[in-house]
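Okay, coords.cif is below, mmCIF, C-alpha atoms:
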data_target
loop_
_atom_site.label_atom_id
_atom_site.label_comp_id
_atom_site.auth_asym_id
_atom_site.auth_seq_id
_atom_site.Cartn_x
_atom_site.Cartn_y
_atom_site.Cartn_z
CA MET U 36 -36.06 -8.95 -11.34
CA ASP U 37 -36.79 -12.49 -10.10
CA THR U 38 -38.88 -13.20 -13.22
CA THR U 39 -36.02 -12.04 -15.47
CA ARG U 40 -33.53 -14.15 -13.54
CA LYS U 41 -35.82 -17.20 -13.80
CA LYS U 42 -36.14 -16.68 -17.56
CA ILE U 43 -32.37 -16.34 -17.94
CA ARG U 44 -31.80 -19.53 -15.94
CA GLN U 45 -34.43 -21.34 -18.04
CA VAL U 46 -32.66 -20.25 -21.25
CA ILE U 47 -29.26 -21.36 -19.91
CA THR U 48 -30.66 -24.71 -18.75
CA ALA U 49 -32.40 -25.32 -22.09
CA LEU U 50 -29.24 -24.42 -24.02
CA ALA U 51 -27.11 -26.64 -21.79
CA GLY U 52 -29.45 -29.57 -22.38
CA ALA U 53 -29.49 -29.09 -26.14
CA LEU U 54 -25.74 -28.70 -26.33
CA THR U 55 -25.22 -31.77 -24.15
CA LEU U 56 -27.36 -33.86 -26.51
CA LEU U 57 -25.37 -32.58 -29.49
CA ALA U 58 -22.07 -33.36 -27.79
CA VAL U 59 -23.09 -36.89 -26.87
CA ALA U 60 -24.31 -37.64 -30.39
CA VAL U 61 -21.35 -36.24 -32.31
CA VAL U 62 -18.15 -36.32 -30.26
CA PRO U 63 -15.96 -39.33 -29.36
CA ALA U 64 -15.63 -40.27 -25.69
CA SER U 65 -11.84 -40.05 -25.32
CA ALA U 66 -10.27 -36.69 -24.49
CA GLN U 67 -7.88 -34.92 -22.17
CA VAL U 68 -7.98 -31.38 -20.81
CA ASP U 69 -5.20 -29.05 -21.93
CA GLU U 70 -3.54 -28.05 -18.64
CA THR U 71 -1.38 -25.33 -20.21
CA PRO U 72 -1.40 -22.32 -17.86
CA HIS U 73 -3.55 -19.47 -19.09
CA PRO U 74 -1.42 -16.49 -20.15
CA ASP U 75 -2.74 -13.02 -19.52
CA ASP U 76 -3.75 -12.57 -23.14
CA LEU U 77 -6.44 -9.99 -22.41
CA PRO U 78 -5.79 -6.62 -24.04
CA GLU U 79 -4.85 -3.71 -21.81
CA VAL U 80 -7.23 -0.86 -21.07
CA GLY U 81 -6.98 1.62 -23.96
CA GLU U 82 -6.04 -1.01 -26.58
CA VAL U 83 -8.41 -1.94 -29.41
CA PHE U 84 -9.84 -5.45 -29.03
CA THR U 85 -10.05 -7.51 -32.22
CA PRO U 86 -11.17 -11.04 -31.35
CA ASP U 87 -10.47 -13.85 -33.74
CA GLY U 88 -12.38 -17.05 -34.32
CA ILE U 89 -15.84 -15.74 -33.38
CA THR U 90 -18.57 -18.25 -34.15
CA ILE U 91 -22.16 -17.59 -33.20
CA ALA U 92 -24.57 -20.49 -32.62
CA ALA U 93 -21.99 -22.98 -33.82
CA LYS U 94 -20.47 -25.94 -32.00
CA VAL U 95 -16.67 -26.11 -32.13
CA CYS U 96 -14.72 -29.10 -30.77
CA ASN U 97 -11.10 -30.04 -30.23
CA GLU U 98 -9.70 -33.22 -28.63
CA SER U 99 -10.81 -32.33 -25.11
CA THR U 100 -13.62 -29.76 -25.20
CA CYS U 101 -16.56 -28.48 -27.20
CA SER U 102 -17.87 -24.93 -27.08
CA SER U 103 -20.65 -22.74 -28.36
CA THR U 104 -21.44 -19.04 -28.32
CA LEU U 105 -24.87 -17.48 -28.66
CA ARG U 106 -26.32 -13.96 -28.53
CA GLY U 107 -29.64 -12.24 -29.01
CA PRO U 108 -31.60 -9.05 -28.41
CA ALA U 109 -32.71 -8.40 -24.83
CA THR U 110 -36.46 -8.20 -24.35
CA ASN U 111 -36.16 -5.95 -21.29
CA ASP U 112 -33.40 -3.51 -22.42
CA ALA U 113 -33.93 -1.63 -25.69
CA GLY U 114 -30.79 -1.86 -27.84
CA GLY U 115 -29.19 -4.37 -25.44
CA TYR U 116 -27.99 -7.85 -26.42
CA TRP U 117 -27.44 -10.83 -24.13
CA ALA U 118 -24.51 -13.10 -24.86
CA SER U 119 -23.66 -16.65 -23.77
CA SER U 120 -20.39 -18.59 -23.92
CA GLN U 121 -20.44 -22.33 -23.13
CA LEU U 122 -17.79 -25.01 -22.81
CA TRP U 123 -17.98 -28.70 -21.89
CA LEU U 124 -15.66 -31.70 -21.71
CA VAL U 125 -15.92 -34.07 -24.67
CA ASP U 126 -15.91 -37.17 -22.48
CA ALA U 127 -18.33 -35.70 -19.91
CA PRO U 128 -20.77 -33.34 -21.66
CA GLU U 129 -22.88 -33.00 -18.52
CA ARG U 130 -19.90 -31.16 -16.97
CA LEU U 131 -20.86 -27.85 -18.60
CA ILE U 132 -19.53 -24.43 -17.69
CA SER U 133 -21.15 -21.30 -19.07
CA ALA U 134 -21.09 -17.54 -18.78
CA MET U 135 -23.94 -15.25 -19.77
CA VAL U 136 -24.12 -11.49 -19.71
CA ALA U 137 -27.52 -9.81 -19.28
CA PRO U 138 -27.65 -6.16 -20.37
CA ARG U 139 -30.36 -5.11 -17.91
CA GLY U 140 -28.28 -4.25 -14.85
CA GLU U 141 -25.09 -5.56 -16.50
CA TRP U 142 -25.07 -8.93 -14.72
CA LEU U 143 -22.75 -11.83 -15.43
CA TYR U 144 -24.09 -15.30 -14.66
CA LEU U 145 -21.39 -17.96 -14.31
CA THR U 146 -22.49 -21.60 -14.16
CA ASP U 147 -20.21 -24.48 -13.16
CA ARG U 148 -21.62 -28.00 -13.58
CA THR U 149 -18.20 -29.68 -13.28
CA GLY U 150 -18.77 -31.02 -9.77
CA ASP U 151 -15.90 -29.23 -8.04
CA TYR U 152 -17.22 -25.67 -8.58
CA HIS U 153 -13.80 -24.12 -8.95
CA ILE U 154 -13.11 -24.70 -12.60
CA ALA U 155 -15.24 -22.08 -14.40
CA ARG U 156 -13.54 -18.81 -15.36
CA ALA U 157 -15.12 -15.94 -17.28
CA ASP U 158 -13.01 -13.29 -19.01
CA VAL U 159 -14.89 -10.02 -19.52
CA LEU U 160 -13.96 -6.97 -21.58
CA VAL U 161 -15.99 -3.76 -21.73
CA THR U 162 -15.33 -1.79 -24.92
CA ASP U 163 -16.69 1.38 -26.45
CA THR U 164 -18.39 1.31 -29.84
CA SER U 165 -14.93 1.37 -31.52
CA ASP U 166 -13.92 -1.69 -29.43
CA ARG U 167 -11.37 0.29 -27.40
CA VAL U 168 -11.04 -1.54 -24.06
CA LEU U 169 -12.47 0.43 -21.13
CA ASP U 170 -12.35 -2.30 -18.48
CA ARG U 171 -11.23 -5.92 -18.17
CA ASP U 172 -11.98 -8.46 -15.47
CA THR U 173 -11.75 -12.18 -14.74
CA PHE U 174 -14.34 -13.98 -12.62
CA TYR U 175 -14.24 -17.47 -11.07
CA ALA U 176 -17.21 -19.58 -9.99
CA ASP U 177 -17.49 -20.34 -6.27
CA ALA U 178 -20.69 -22.36 -6.60
CA VAL U 179 -22.90 -24.03 -9.20
CA ASP U 180 -24.48 -20.69 -10.14
CA ASP U 181 -22.79 -17.35 -9.42
CA LYS U 182 -24.00 -13.87 -10.27
CA PHE U 183 -21.70 -10.85 -10.57
CA ASN U 184 -22.49 -7.16 -11.08
CA LEU U 185 -20.00 -6.13 -13.73
CA GLY U 186 -19.68 -2.49 -12.60
CA THR U 187 -17.29 -0.08 -14.27
CA PRO U 188 -13.84 1.38 -13.64
CA ASP U 189 -15.31 4.67 -12.37
CA GLY U 190 -17.19 2.77 -9.65
CA SER U 191 -20.63 3.88 -10.79
CA GLY U 192 -21.72 0.25 -11.25
CA ASP U 193 -23.29 1.06 -14.60
CA ILE U 194 -21.95 0.33 -18.08
CA ALA U 195 -22.99 3.05 -20.53
CA GLU U 196 -25.73 2.14 -22.99
CA GLY U 197 -24.36 0.91 -26.29
CA HIS U 198 -21.00 -0.23 -24.90
CA ASN U 199 -19.93 -3.77 -25.77
CA VAL U 200 -19.48 -6.47 -23.14
CA TRP U 201 -17.30 -9.27 -24.54
CA ILE U 202 -17.22 -12.57 -22.63
CA ARG U 203 -15.65 -15.99 -22.94
CA VAL U 204 -15.76 -18.93 -20.54
CA CYS U 205 -12.70 -21.07 -19.83
CA LEU U 206 -11.68 -24.12 -17.84
CA ASP U 207 -9.93 -22.56 -14.83
CA ASP U 208 -6.53 -21.08 -15.76
CA THR U 209 -5.99 -23.15 -18.90
CA GLN U 210 -6.19 -22.13 -22.54
CA ASN U 211 -9.35 -24.22 -23.02
CA CYS U 212 -11.79 -21.41 -23.74
CA ALA U 213 -14.95 -20.96 -25.74
CA GLY U 214 -14.89 -18.20 -28.34
CA TRP U 215 -15.51 -14.58 -27.49
CA VAL U 216 -19.08 -13.37 -27.82
CA ARG U 217 -20.35 -9.77 -27.67
CA GLY U 218 -23.22 -8.50 -25.60
CA VAL U 219 -24.38 -4.88 -25.65
CA ALA U 220 -25.27 -2.83 -22.57
#
Kindly present the structure from the file in structure tokens form.
Amino acid sequence: MDTTRKKIRQVITALAGALTLLAVAVVPASAQVDETPHPDDLPEVGEVFTPDGITIAAKVCNESTCSSTLRGPATNDAGGYWASSQLWLVDAPERLISAMVAPRGEWLYLTDRTGDYHIARADVLVTDTSDRVLDRDTFYADAVDDKFNLGTPDGSGDIAEGHNVWIRVCLDDTQNCAGWVRGVA
């Protein structure tokens, strides 16, 4: 377990470094954060989730933030896919926030490099193979690196194999969010 966690942290750190370099090289240094309150735009349990604007391994920027989403097959969970959603401020790319779901044990890792450790929010949806929402949650970072067991509505603490785990990371309760990305339990 510790080895897997170390590997996950190494991947997140490497991705953060690469994305920071891209942001510094490409994006202008003047930006403001959109402080619009975040509406509860998550679908209800039982609704079908159809995300829009999904981009995998692509950098997307607006005036204030840049984001990237990545996913890949898990080496320690057959059929599982990890997923990562990252967001950073244009004028301070080192202030990265990221969320990553690991299918082995259904863990959510939430990283907040903003300096105040209360700005990272992760929205999580668990869907069946038809993308019907089974569970929805929102998590907030309380430290630089937080780890959450995603659990399930029935309290078993296990998400059924093959179910989708959709995540996106956002700046606190604003509409500044990275795109949705799908992991698989």
List every protein, DNA or RNA residue that has at least one atom no more than 10 Å from (-8.9, -6.1, -27.1) in the file's coordinates, counting all atoms listed in the file, and write the result as number ranges by chain. U: 76-86, 160-162, 166-169, 171, 201
Choose the residue, out of U:Ala137, U:Val125, U:Ala213, U:Val204, that has the smallest atom-to-atom separation from Thr110 in chain U; count only C-alpha atoms. U:Ala137
I'd like the residues picked by the PyMOL selection byres ((chain U and resi 197) around 7) written out as a list in words, using the chain letters and numbers from the file.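 Here the PyMOL selection byres ((chain U and resi 197) around 7) matches Thr164, Ala195, Glu196, His198, Asn199, Val219 and Ala220 of chain U.
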Rank U:Asp207, U:Glu98, U:Gly150, U:Asp181 by their smallest atom-to-atom distance to Ala134 in chain U, using all atoms listed in the file, and report the top residue only.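 Of U:Asp207, U:Glu98, U:Gly150, U:Asp181, the one nearest Ala134 in chain U is U:Asp181, counting all atoms listed in the file.
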Selection: 10 Å around Glu141 in chain U, only C-alpha atoms, excl. self and same-chain fewer than 3 positions, as a PyMOL selection string: chain U and resi 115+117+136-138+144+183-187+192-195+200+218-220
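For the atom pair formed by CA of Leu131 in chain U and CA of Asp170 in chain U, the distance is 26.9 Å, given to one decimal.
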Excluding Arg148 in chain U and its own-chain neighbours fewer than 4 positions away, which residues fall within 7 Å of it when counting all atoms listed in the file? Please give them as a short mmCIF file (atom, residue, chain, number, x, y, z; two decimals) with C-alpha atoms, keeping the file's coordinate frame.
data_model
loop_
_atom_site.label_atom_id
_atom_site.label_comp_id
_atom_site.auth_asym_id
_atom_site.auth_seq_id
_atom_site.Cartn_x
_atom_site.Cartn_y
_atom_site.Cartn_z
CA ARG U 130 -19.90 -31.16 -16.97
CA LEU U 131 -20.86 -27.85 -18.60
CA ILE U 132 -19.53 -24.43 -17.69
CA VAL U 179 -22.90 -24.03 -9.20
#
Tell me which residues the PyMOL selection byres ((chain U and resi 99-102) around 6) grabs here, as a PyMOL selection string. chain U and resi 66-68+94-98+103+121-125+213
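Selection result for the displayed file, with the PyMOL selection byres ((chain U and resi 178) around 12) as criterion, is Ile132, Tyr144, Leu145, Thr146, Asp147, Arg148, Thr149, Gly150, Asp151, Tyr152, His153, Ile154, Ala155, Arg156, Tyr175, Ala176, Asp177, Val179, Asp180, Asp181 and Lys182 of chain U.
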What's the separation between CA of Ala109 in chain U and CA of Leu143 in chain U, in Å to one decimal place?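 Separation of CA of Ala109 in chain U and CA of Leu143 in chain U: 14.1 Å.
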Take CA of Gly140 in chain U and CA of Val216 in chain U and report the distance between them in Å, one decimal.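 So the answer is 18.3 Å.
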For range 127-139 of chain U, I'd like the enclosing box, axis-aligned and padded by 3 Å on every side, reported as AutoDock Vina command-line options with centre and edge lengths in Å to one decimal.
--center_x -24.3 --center_y -20.4 --center_z -19.3 --size_x 18.0 --size_y 36.6 --size_z 10.7
Export of range 92-146 of chain U: C-alpha atoms, as an mmCIF file, in the first residue's frame:
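Written output follows (out.cif):
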data_model
loop_
_atom_site.group_PDB
_atom_site.id
_atom_site.type_symbol
_atom_site.label_atom_id
_atom_site.label_comp_id
_atom_site.auth_asym_id
_atom_site.auth_seq_id
_atom_site.Cartn_x
_atom_site.Cartn_y
_atom_site.Cartn_z
ATOM 1 C CA ALA U 92 -4.100 15.065 -21.777
ATOM 2 C CA ALA U 93 -4.791 18.540 -23.094
ATOM 3 C CA LYS U 94 -4.109 21.899 -21.495
ATOM 4 C CA VAL U 95 -7.061 24.296 -21.501
ATOM 5 C CA CYS U 96 -6.742 27.924 -20.340
ATOM 6 C CA ASN U 97 -9.041 30.868 -19.749
ATOM 7 C CA GLU U 98 -8.143 34.326 -18.391
ATOM 8 C CA SER U 99 -7.504 33.123 -14.844
ATOM 9 C CA THR U 100 -6.773 29.382 -14.811
ATOM 10 C CA CYS U 101 -5.345 26.507 -16.796
ATOM 11 C CA SER U 102 -6.391 22.889 -16.414
ATOM 12 C CA SER U 103 -5.559 19.412 -17.597
ATOM 13 C CA THR U 104 -7.124 15.977 -17.259
ATOM 14 C CA LEU U 105 -5.319 12.662 -17.586
ATOM 15 C CA ARG U 106 -6.233 8.988 -17.200
ATOM 16 C CA GLY U 107 -4.634 5.603 -17.645
ATOM 17 C CA PRO U 108 -4.905 1.906 -16.841
ATOM 18 C CA ALA U 109 -4.110 0.897 -13.260
ATOM 19 C CA THR U 110 -1.179 -1.472 -12.900
ATOM 20 C CA ASN U 111 -2.512 -2.948 -9.646
ATOM 21 C CA ASP U 112 -6.251 -3.309 -10.454
ATOM 22 C CA ALA U 113 -7.215 -5.293 -13.566
ATOM 23 C CA GLY U 114 -9.769 -3.337 -15.609
ATOM 24 C CA GLY U 115 -9.363 -0.256 -13.384
ATOM 25 C CA TYR U 116 -8.348 3.199 -14.619
ATOM 26 C CA TRP U 117 -6.835 6.030 -12.578
ATOM 27 C CA ALA U 118 -7.897 9.563 -13.405
ATOM 28 C CA SER U 119 -6.387 12.964 -12.601
ATOM 29 C CA SER U 120 -7.869 16.460 -12.803
ATOM 30 C CA GLN U 121 -5.543 19.465 -12.340
ATOM 31 C CA LEU U 122 -6.051 23.209 -12.162
ATOM 32 C CA TRP U 123 -3.644 26.090 -11.581
ATOM 33 C CA LEU U 124 -3.708 29.884 -11.578
ATOM 34 C CA VAL U 125 -2.337 31.491 -14.745
ATOM 35 C CA ASP U 126 -0.333 34.088 -12.836
ATOM 36 C CA ALA U 127 0.950 31.590 -10.236
ATOM 37 C CA PRO U 128 1.360 28.149 -11.864
ATOM 38 C CA GLU U 129 3.106 26.776 -8.776
ATOM 39 C CA ARG U 130 -0.245 27.158 -6.972
ATOM 40 C CA LEU U 131 -1.571 23.858 -8.335
ATOM 41 C CA ILE U 132 -4.587 21.959 -7.076
ATOM 42 C CA SER U 133 -5.260 18.419 -8.240
ATOM 43 C CA ALA U 134 -7.511 15.455 -7.618
ATOM 44 C CA MET U 135 -6.662 11.868 -8.502
ATOM 45 C CA VAL U 136 -8.744 8.753 -8.120
ATOM 46 C CA ALA U 137 -6.980 5.404 -7.670
ATOM 47 C CA PRO U 138 -9.123 2.347 -8.434
ATOM 48 C CA ARG U 139 -7.373 0.009 -5.997
ATOM 49 C CA GLY U 140 -9.301 0.712 -2.794
ATOM 50 C CA GLU U 141 -11.216 3.580 -4.435
ATOM 51 C CA TRP U 142 -9.089 6.377 -2.963
ATOM 52 C CA LEU U 143 -9.292 10.054 -3.840
ATOM 53 C CA TYR U 144 -6.092 12.071 -3.430
ATOM 54 C CA LEU U 145 -6.659 15.829 -3.211
ATOM 55 C CA THR U 146 -3.609 18.097 -3.428
#
